[in-house]
file query-v3.cif (mmCIF, C-alpha atoms)
data_input
#
loop_
_atom_site.group_PDB
_atom_site.id
_atom_site.type_symbol
_atom_site.label_atom_id
_atom_site.label_comp_id
_atom_site.auth_asym_id
_atom_site.auth_seq_id
_atom_site.Cartn_x
_atom_site.Cartn_y
_atom_site.Cartn_z
ATOM 1 C CA MET A 1 0.000 0.000 0.000
ATOM 2 C CA ALA A 2 1.350 3.408 -0.989
ATOM 3 C CA ARG A 3 2.104 5.776 1.867
ATOM 4 C CA TRP A 4 1.890 9.531 2.010
ATOM 5 C CA PRO A 5 5.301 11.228 2.141
ATOM 6 C CA ARG A 6 6.479 12.100 5.607
ATOM 7 C CA VAL A 7 5.613 15.679 6.541
ATOM 8 C CA PRO A 8 7.910 17.626 8.904
ATOM 9 C CA GLU A 9 6.663 17.815 12.482
ATOM 10 C CA LEU A 10 6.086 21.562 12.550
ATOM 11 C CA ALA A 11 4.193 21.463 9.256
ATOM 12 C CA ARG A 12 1.905 18.733 10.630
ATOM 13 C CA GLU A 13 1.269 20.766 13.743
ATOM 14 C CA MET A 14 0.525 23.922 11.768
ATOM 15 C CA THR A 15 -1.896 21.997 9.575
ATOM 16 C CA ALA A 16 -3.687 20.700 12.654
ATOM 17 C CA GLU A 17 -3.896 24.168 14.193
ATOM 18 C CA PHE A 18 -5.226 25.528 10.904
ATOM 19 C CA ALA A 19 -7.913 22.832 10.737
ATOM 20 C CA GLY A 20 -8.891 23.069 14.394
ATOM 21 C CA THR A 21 -9.228 26.856 14.306
ATOM 22 C CA MET A 22 -11.173 26.675 11.054
ATOM 23 C CA ILE A 23 -13.706 24.325 12.670
ATOM 24 C CA LEU A 24 -14.009 26.668 15.646
ATOM 25 C CA ILE A 25 -14.710 29.706 13.481
ATOM 26 C CA LEU A 26 -17.096 27.930 11.113
ATOM 27 C CA PHE A 27 -19.413 27.148 14.006
ATOM 28 C CA GLY A 28 -18.768 30.363 15.946
ATOM 29 C CA ILE A 29 -19.243 32.903 13.183
ATOM 30 C CA GLY A 30 -21.870 30.774 11.480
ATOM 31 C CA VAL A 31 -24.120 30.866 14.525
ATOM 32 C CA VAL A 32 -23.783 34.653 14.853
ATOM 33 C CA ALA A 33 -24.638 35.119 11.179
ATOM 34 C CA GLN A 34 -27.719 32.949 11.588
ATOM 35 C CA ALA A 35 -28.812 34.452 14.881
ATOM 36 C CA VAL A 36 -28.425 38.069 13.800
ATOM 37 C CA ALA A 37 -28.673 38.482 10.038
ATOM 38 C CA GLY A 38 -30.548 35.256 9.355
ATOM 39 C CA SER A 39 -33.441 36.270 11.558
ATOM 40 C CA GLY A 40 -33.675 39.824 10.268
ATOM 41 C CA LEU A 41 -33.791 41.003 13.887
ATOM 42 C CA GLY A 42 -31.367 42.310 16.467
ATOM 43 C CA PRO A 43 -29.357 39.876 18.609
ATOM 44 C CA ALA A 44 -31.779 39.923 21.542
ATOM 45 C CA GLN A 45 -34.725 38.703 19.449
ATOM 46 C CA SER A 46 -32.809 36.539 17.017
ATOM 47 C CA LEU A 47 -32.863 32.839 16.251
ATOM 48 C CA GLY A 48 -31.739 31.309 19.506
ATOM 49 C CA GLY A 49 -30.348 34.589 20.811
ATOM 50 C CA HIS A 50 -27.320 34.892 23.048
ATOM 51 C CA ASP A 51 -27.565 31.408 24.546
ATOM 52 C CA SER A 52 -27.500 29.844 21.091
ATOM 53 C CA ILE A 53 -24.388 31.848 20.270
ATOM 54 C CA ALA A 54 -22.653 30.896 23.517
ATOM 55 C CA TRP A 55 -23.370 27.191 23.071
ATOM 56 C CA ALA A 56 -22.241 27.094 19.450
ATOM 57 C CA TRP A 57 -18.966 28.844 20.278
ATOM 58 C CA GLY A 58 -18.364 26.364 23.090
ATOM 59 C CA LEU A 59 -19.117 23.401 20.851
ATOM 60 C CA GLY A 60 -16.866 24.909 18.194
ATOM 61 C CA VAL A 61 -14.005 25.004 20.692
ATOM 62 C CA THR A 62 -14.668 21.410 21.744
ATOM 63 C CA LEU A 63 -14.727 20.129 18.167
ATOM 64 C CA GLY A 64 -11.726 22.213 17.127
ATOM 65 C CA VAL A 65 -9.650 20.863 19.999
ATOM 66 C CA TYR A 66 -10.700 17.281 19.268
ATOM 67 C CA VAL A 67 -9.688 17.751 15.624
ATOM 68 C CA SER A 68 -6.203 19.042 16.397
ATOM 69 C CA ALA A 69 -5.217 17.847 19.875
ATOM 70 C CA ARG A 70 -3.532 14.587 18.873
ATOM 71 C CA ILE A 71 -1.136 16.322 16.477
ATOM 72 C CA SER A 72 -0.584 19.843 17.800
ATOM 73 C CA GLY A 73 -2.023 19.920 21.302
ATOM 74 C CA GLY A 74 -5.190 21.700 20.189
ATOM 75 C CA HIS A 75 -4.259 25.272 21.078
ATOM 76 C CA ILE A 76 -6.425 26.929 18.352
ATOM 77 C CA ASN A 77 -5.756 30.259 20.076
ATOM 78 C CA PRO A 78 -2.593 32.418 20.098
ATOM 79 C CA ALA A 79 -3.298 33.416 23.702
ATOM 80 C CA VAL A 80 -3.048 29.738 24.657
ATOM 81 C CA THR A 81 0.115 29.250 22.603
ATOM 82 C CA VAL A 82 1.892 32.270 24.110
ATOM 83 C CA ALA A 83 0.836 31.417 27.660
ATOM 84 C CA PHE A 84 2.027 27.833 27.205
ATOM 85 C CA ALA A 85 5.383 29.134 25.983
ATOM 86 C CA VAL A 86 5.736 31.379 29.027
ATOM 87 C CA PHE A 87 4.642 28.908 31.708
ATOM 88 C CA TRP A 88 4.179 25.407 30.286
ATOM 89 C CA GLY A 89 7.369 24.649 28.373
ATOM 90 C CA PHE A 90 6.006 25.070 24.853
ATOM 91 C CA PRO A 91 8.910 25.799 22.430
ATOM 92 C CA TRP A 92 9.185 29.485 21.566
ATOM 93 C CA ARG A 93 10.319 28.626 18.041
ATOM 94 C CA LYS A 94 6.822 27.266 17.362
ATOM 95 C CA VAL A 95 4.885 30.250 18.680
ATOM 96 C CA LEU A 96 4.794 32.357 15.512
ATOM 97 C CA PRO A 97 4.092 29.389 13.178
ATOM 98 C CA TYR A 98 1.225 28.272 15.419
ATOM 99 C CA CYS A 99 -0.212 31.793 15.578
ATOM 100 C CA PHE A 100 0.033 32.155 11.809
ATOM 101 C CA ALA A 101 -1.722 28.820 11.215
ATOM 102 C CA GLN A 102 -4.471 29.682 13.691
ATOM 103 C CA THR A 103 -5.090 33.086 12.126
ATOM 104 C CA LEU A 104 -5.099 31.613 8.633
ATOM 105 C CA GLY A 105 -7.610 28.962 9.687
ATOM 106 C CA ALA A 106 -9.867 31.648 11.139
ATOM 107 C CA PHE A 107 -9.500 33.734 7.971
ATOM 108 C CA VAL A 108 -10.476 30.870 5.665
ATOM 109 C CA ALA A 109 -13.421 29.884 7.854
ATOM 110 C CA ALA A 110 -14.689 33.482 7.858
ATOM 111 C CA LEU A 111 -14.472 33.611 4.076
ATOM 112 C CA ILE A 112 -16.574 30.451 3.868
ATOM 113 C CA VAL A 113 -19.232 31.882 6.199
ATOM 114 C CA ARG A 114 -19.160 35.219 4.381
ATOM 115 C CA TRP A 115 -19.709 33.435 1.067
ATOM 116 C CA ASP A 116 -22.470 31.193 2.390
ATOM 117 C CA TYR A 117 -24.367 34.100 3.969
ATOM 118 C CA THR A 118 -23.856 36.526 1.072
ATOM 119 C CA GLU A 119 -27.516 36.982 0.170
ATOM 120 C CA ILE A 120 -28.718 37.122 3.770
ATOM 121 C CA LEU A 121 -26.109 39.677 4.861
ATOM 122 C CA ASN A 122 -26.731 41.863 1.821
ATOM 123 C CA LYS A 123 -30.478 41.805 2.448
ATOM 124 C CA PHE A 124 -30.226 42.530 6.165
ATOM 125 C CA ASP A 125 -27.449 45.129 5.842
ATOM 126 C CA PRO A 126 -27.052 46.298 2.224
ATOM 127 C CA GLY A 127 -24.279 48.733 3.086
ATOM 128 C CA LEU A 128 -22.266 46.132 5.040
ATOM 129 C CA THR A 129 -21.966 48.442 8.040
ATOM 130 C CA THR A 130 -21.439 48.032 11.768
ATOM 131 C CA LYS A 131 -24.985 46.635 11.861
ATOM 132 C CA THR A 132 -23.522 43.251 10.877
ATOM 133 C CA GLN A 133 -19.825 43.859 11.422
ATOM 134 C CA PHE A 134 -19.920 42.017 14.748
ATOM 135 C CA VAL A 135 -21.045 38.863 12.924
ATOM 136 C CA PHE A 136 -17.364 38.426 12.038
ATOM 137 C CA SER A 137 -15.317 40.511 14.466
ATOM 138 C CA THR A 138 -15.956 41.802 17.953
ATOM 139 C CA MET A 139 -16.944 45.334 18.907
ATOM 140 C CA PRO A 140 -17.169 47.069 22.291
ATOM 141 C CA GLY A 141 -20.565 46.464 23.839
ATOM 142 C CA ASN A 142 -21.493 44.252 20.870
ATOM 143 C CA GLY A 143 -22.035 47.445 18.924
ATOM 144 C CA SER A 144 -24.889 48.752 21.068
ATOM 145 C CA LEU A 145 -24.001 48.892 24.774
ATOM 146 C CA PRO A 146 -22.137 51.882 26.300
ATOM 147 C CA ILE A 147 -18.696 50.257 26.318
ATOM 148 C CA HIS A 148 -15.644 51.925 24.793
ATOM 149 C CA THR A 149 -12.089 50.861 24.008
ATOM 150 C CA TRP A 150 -10.642 50.618 27.491
ATOM 151 C CA GLY A 151 -13.698 48.949 28.958
ATOM 152 C CA ALA A 152 -13.430 46.308 26.243
ATOM 153 C CA PHE A 153 -9.685 46.025 26.826
ATOM 154 C CA ARG A 154 -10.283 45.322 30.518
ATOM 155 C CA ASP A 155 -12.997 42.812 29.686
ATOM 156 C CA GLN A 156 -10.784 40.852 27.295
ATOM 157 C CA ILE A 157 -7.973 40.613 29.826
ATOM 158 C CA ILE A 158 -10.377 39.251 32.444
ATOM 159 C CA GLY A 159 -12.114 36.804 30.118
ATOM 160 C CA THR A 160 -8.905 35.361 28.696
ATOM 161 C CA ALA A 161 -7.330 35.121 32.157
ATOM 162 C CA ILE A 162 -10.295 33.025 33.287
ATOM 163 C CA LEU A 163 -9.945 30.844 30.196
ATOM 164 C CA LEU A 164 -6.229 30.110 30.657
ATOM 165 C CA PHE A 165 -6.532 29.602 34.400
ATOM 166 C CA LEU A 166 -9.158 26.918 33.822
ATOM 167 C CA VAL A 167 -7.465 25.375 30.777
ATOM 168 C CA LEU A 168 -4.330 24.724 32.831
ATOM 169 C CA ALA A 169 -6.421 23.345 35.683
ATOM 170 C CA LEU A 170 -8.071 20.939 33.240
ATOM 171 C CA ILE A 171 -4.913 19.694 31.518
ATOM 172 C CA ASP A 172 -2.528 19.545 34.486
ATOM 173 C CA LEU A 173 -2.055 15.822 35.050
ATOM 174 C CA ARG A 174 -1.131 16.483 38.666
ATOM 175 C CA ASN A 175 -4.452 18.161 39.358
ATOM 176 C CA ALA A 176 -6.989 15.338 38.839
ATOM 177 C CA PRO A 177 -7.986 16.447 35.300
ATOM 178 C CA PRO A 178 -11.046 14.993 33.526
ATOM 179 C CA LEU A 179 -10.305 11.512 32.198
ATOM 180 C CA ALA A 180 -11.521 9.540 29.157
ATOM 181 C CA ASN A 181 -10.398 12.361 26.836
ATOM 182 C CA LEU A 182 -13.090 14.677 28.206
ATOM 183 C CA ALA A 183 -10.848 17.716 28.668
ATOM 184 C CA PRO A 184 -11.796 19.277 25.286
ATOM 185 C CA PHE A 185 -15.484 18.917 26.153
ATOM 186 C CA ILE A 186 -15.020 20.595 29.535
ATOM 187 C CA ILE A 187 -12.934 23.373 27.962
ATOM 188 C CA GLY A 188 -15.828 23.942 25.570
ATOM 189 C CA LEU A 189 -18.126 24.318 28.568
ATOM 190 C CA VAL A 190 -15.698 26.868 30.004
ATOM 191 C CA VAL A 191 -16.096 28.942 26.827
ATOM 192 C CA VAL A 192 -19.891 28.629 27.082
ATOM 193 C CA ALA A 193 -19.731 29.871 30.674
ATOM 194 C CA ILE A 194 -17.457 32.797 29.755
ATOM 195 C CA GLY A 195 -19.848 33.737 26.962
ATOM 196 C CA MET A 196 -22.838 33.659 29.275
ATOM 197 C CA ALA A 197 -21.121 35.562 32.085
ATOM 198 C CA PHE A 198 -18.766 37.929 30.200
ATOM 199 C CA GLY A 199 -20.222 38.178 26.709
ATOM 200 C CA SER A 200 -21.728 41.648 26.703
ATOM 201 C CA ALA A 201 -18.848 44.071 27.142
ATOM 202 C CA ALA A 202 -16.708 43.026 24.163
ATOM 203 C CA GLY A 203 -18.119 39.891 22.559
ATOM 204 C CA TYR A 204 -15.662 37.579 24.398
ATOM 205 C CA ALA A 205 -13.173 37.095 21.572
ATOM 206 C CA ILE A 206 -10.612 35.781 24.121
ATOM 207 C CA ASN A 207 -8.624 34.662 21.069
ATOM 208 C CA PRO A 208 -6.585 36.962 18.804
ATOM 209 C CA ALA A 209 -6.881 34.635 15.790
ATOM 210 C CA ARG A 210 -10.640 34.395 16.218
ATOM 211 C CA ASP A 211 -10.887 38.160 15.737
ATOM 212 C CA LEU A 212 -8.031 39.095 13.407
ATOM 213 C CA GLY A 213 -8.643 36.414 10.770
ATOM 214 C CA PRO A 214 -12.366 37.157 10.332
ATOM 215 C CA ARG A 215 -11.757 40.898 10.529
ATOM 216 C CA LEU A 216 -9.369 40.672 7.592
ATOM 217 C CA ALA A 217 -11.853 38.467 5.713
ATOM 218 C CA GLN A 218 -14.696 40.928 6.150
ATOM 219 C CA TYR A 219 -12.495 43.856 5.160
ATOM 220 C CA ILE A 220 -11.560 42.322 1.810
ATOM 221 C CA THR A 221 -15.200 41.355 1.159
ATOM 222 C CA GLY A 222 -16.738 44.802 1.522
ATOM 223 C CA TYR A 223 -16.726 45.900 5.157
ATOM 224 C CA GLY A 224 -14.845 49.182 4.915
ATOM 225 C CA THR A 225 -15.220 49.865 8.659
ATOM 226 C CA ALA A 226 -13.781 46.503 9.724
ATOM 227 C CA TRP A 227 -10.805 47.963 11.599
ATOM 228 C CA ARG A 228 -12.875 50.462 13.595
ATOM 229 C CA ASP A 229 -15.629 50.233 16.170
ATOM 230 C CA GLN A 230 -19.064 51.848 16.097
ATOM 231 C CA TYR A 231 -17.542 55.092 17.417
ATOM 232 C CA GLY A 232 -15.096 55.314 14.528
ATOM 233 C CA GLU A 233 -12.087 54.506 16.713
ATOM 234 C CA PHE A 234 -9.389 52.029 15.669
ATOM 235 C CA TYR A 235 -10.334 48.954 17.651
ATOM 236 C CA PHE A 236 -8.801 45.940 15.916
ATOM 237 C CA TRP A 237 -5.803 45.861 18.272
ATOM 238 C CA VAL A 238 -7.890 45.385 21.423
ATOM 239 C CA PRO A 239 -8.921 41.732 20.837
ATOM 240 C CA ILE A 240 -5.324 40.970 19.856
ATOM 241 C CA VAL A 241 -3.324 42.601 22.639
ATOM 242 C CA ALA A 242 -5.708 42.171 25.566
ATOM 243 C CA PRO A 243 -6.159 38.378 25.202
ATOM 244 C CA LEU A 244 -2.385 37.901 25.001
ATOM 245 C CA ILE A 245 -1.996 39.821 28.264
ATOM 246 C CA GLY A 246 -4.940 38.047 29.864
ATOM 247 C CA GLY A 247 -3.691 34.623 28.845
ATOM 248 C CA ILE A 248 -0.299 35.192 30.455
ATOM 249 C CA LEU A 249 -1.979 36.600 33.559
ATOM 250 C CA GLY A 250 -4.386 33.688 33.908
ATOM 251 C CA ALA A 251 -1.720 31.040 33.352
ATOM 252 C CA GLY A 252 0.586 32.785 35.808
ATOM 253 C CA LEU A 253 -2.140 32.898 38.448
ATOM 254 C CA TYR A 254 -2.780 29.187 38.007
ATOM 255 C CA VAL A 255 0.896 28.375 38.473
ATOM 256 C CA LEU A 256 1.107 30.690 41.485
ATOM 257 C CA LEU A 257 -2.079 29.667 43.258
ATOM 258 C CA ILE A 258 -2.478 26.011 42.279
ATOM 259 C CA GLY A 259 0.283 24.551 40.128
ATOM 260 C CA ARG A 260 3.217 25.155 42.424
ATOM 261 C CA ASN A 261 1.223 23.951 45.454
ATOM 262 C CA ILE A 262 0.301 20.523 44.085
ATOM 263 C CA PRO A 263 2.437 17.891 45.856
ATOM 264 C CA ARG A 264 4.818 15.934 43.722
ATOM 265 C CA GLU A 265 3.879 12.334 42.988
ATOM 266 C CA GLN A 266 6.466 10.991 45.409
ATOM 267 C CA GLU A 267 5.227 13.294 48.155
ATOM 268 C CA VAL A 268 1.653 12.180 47.524
ATOM 269 C CA ALA A 269 2.679 8.518 47.679
ATOM 270 C CA GLU A 270 4.481 9.070 50.967
ATOM 271 C CA THR A 271 1.469 10.769 52.537
ATOM 272 C CA LEU A 272 -0.795 7.880 51.477
ATOM 273 C CA GLU A 273 1.465 5.105 52.798
ATOM 274 C CA PRO A 274 0.809 3.998 56.397
ATOM 275 C CA PRO A 275 3.656 4.688 58.832
ATOM 276 C CA LEU A 276 6.049 1.808 59.447
ATOM 277 C CA ASN A 277 5.518 -0.142 62.651
ATOM 278 C CA ASN A 278 8.939 -0.378 64.272
ATOM 279 C CA ASP A 279 7.801 -3.298 66.409
ATOM 280 C CA GLU A 280 7.340 -5.522 63.388
ATOM 281 C CA THR A 281 10.154 -7.824 62.405
#

call {"tool": "encode", "arguments": {"input": "query-v3.cif", "output": "structure tokens"}}
result
Amino acid sequence: MARWPRVPELAREMTAEFAGTMILILFGIGVVAQAVAGSGLGPAQSLGGHDSIAWAWGLGVTLGVYVSARISGGHINPAVTVAFAVFWGFPWRKVLPYCFAQTLGAFVAALIVRWDYTEILNKFDPGLTTKTQFVFSTMPGNGSLPIHTWGAFRDQIIGTAILLFLVLALIDLRNAPPLANLAPFIIGLVVVAIGMAFGSAAGYAINPARDLGPRLAQYITGYGTAWRDQYGEFYFWVPIVAPLIGGILGAGLYVLLIGRNIPREQEVAETLEPPLNNDET
């Protein structure tokens, strides 16, 4: 039987990160397009509403991680990759290739959604304005609430810190993580919870690739305001910089508060063994 030629390790990992992130964005942006533009209503009265969006994003994360975890570790998020490099021993030489693959996967997925929803988006928002801009990229206050740049910046730091804190708690083998390969499913639930609890202020991008790739896709397909928010301010940098800061902060807090305090395996074994009886021979 003929075999495929051997692909270099880094290329395999980049391919997996591309595919995993593409799956994430297909479900994530697809559900927003359906819930907002597909219904012809605003987000609060749309098909499924906010809960539908939160669940689809969480399922997208779960499926994206399952797709890529065996080959690349299933980062599908530059904030995860950078935080792992800082605190978890991930090689720095792989950081930029991973981030590029993740962003490219998000870009391609956004193009697919943009193409598939062409007629619906054009009908709902003929001018391709901020009315549907947040289908693809995040905006402060989801385009309608009184949140500005620095409020959104704060929100993205907090949301991504929560994400990385819990991701490390769920994958740390010393910390009784979920077994039977359930970690990706639980991480998906974490994203659902973040969306339900912290989704209003900035759309919970918590992932630079998730925002930058689709933002570029919408810009080249007619959204002239893609790099700005509803106030006309340059906003694209917020969901890039803030999640990177938040990811490092959250991972650092996990290491400080939990990781460094987990007993080593030998110490655990010693505490579980009964004391020796010196009277025995």

call {"tool": "resolve_selection", "arguments": {"input": "query-v3.cif", "expression": "the PyMOL selection byres ((chain A and resi 244) around 8)", "output": "PyMOL selection string"}}
result
chain A and resi 78-79+82-83+157+160+208+240-243+245-248

call {"tool": "write_last_selection", "arguments": {"input": "query-v3.cif", "atoms": "C-alpha atoms", "output": "compact mmCIF listing (two decimals), keeping the file's coordinate frame"}}
result
# COMPACT_ATOMS: atom_id res chain seq x y z
CA PRO A 78 -2.59 32.42 20.10
CA ALA A 79 -3.30 33.42 23.70
CA VAL A 82 1.89 32.27 24.11
CA ALA A 83 0.84 31.42 27.66
CA ILE A 157 -7.97 40.61 29.83
CA THR A 160 -8.90 35.36 28.70
CA PRO A 208 -6.58 36.96 18.80
CA ILE A 240 -5.32 40.97 19.86
CA VAL A 241 -3.32 42.60 22.64
CA ALA A 242 -5.71 42.17 25.57
CA PRO A 243 -6.16 38.38 25.20
CA ILE A 245 -2.00 39.82 28.26
CA GLY A 246 -4.94 38.05 29.86
CA GLY A 247 -3.69 34.62 28.84
CA ILE A 248 -0.30 35.19 30.46

call {"tool": "closest_atom_pairs", "arguments": {"input": "query-v3.cif", "of": "region 132-229 of chain A", "to": "region 116-121 of chain A", "cutoff": "12 Å", "atoms": "all atoms listed in the file", "output": "CSV"}}
result
residue,atom,partner,partner_atom,distance
A:Thr132,CA,A:Leu121,CA,7.5
A:Gln133,CA,A:Leu121,CA,10.0
A:Phe134,CA,A:Leu121,CA,11.9
A:Val135,CA,A:Leu121,CA,9.6
A:Phe136,CA,A:Leu121,CA,11.4
A:Gln218,CA,A:Thr118,CA,11.4
A:Thr221,CA,A:Thr118,CA,9.9
A:Gly222,CA,A:Thr118,CA,10.9
A:Tyr223,CA,A:Leu121,CA,11.3

call {"tool": "closest_residue", "arguments": {"input": "query-v3.cif", "among": "A:Leu257, A:Val192, A:Leu216, A:Ala251", "to": "Thr81 (chain A)", "atoms": "only C-alpha atoms"}}
result
A:Ala251

call {"tool": "atom_distance", "arguments": {"input": "query-v3.cif", "atom1": "CA of Ala209 (chain A)", "atom2": "CA of Leu182 (chain A)"}}
result
24.3 Å

call {"tool": "closest_residue", "arguments": {"input": "query-v3.cif", "among": "A:Ile262, A:Met22, A:Ala35, A:Val108", "to": "Val65 (chain A)", "atoms": "all atoms listed in the file"}}
result
A:Met22

call {"tool": "atom_distance", "arguments": {"input": "query-v3.cif", "atom1": "CA of Leu26 (chain A)", "atom2": "CA of Ala56 (chain A)"}}
result
9.8 Å

call {"tool": "residues_near_point", "arguments": {"input": "query-v3.cif", "point": "(-0.2, 23.8, 13.2)", "cutoff": "10 Å", "atoms": "all atoms listed in the file", "output": "VMD selection string"}}
result
chain A and resid 9 to 21 68 71 to 76 94 to 95 97 to 102 105
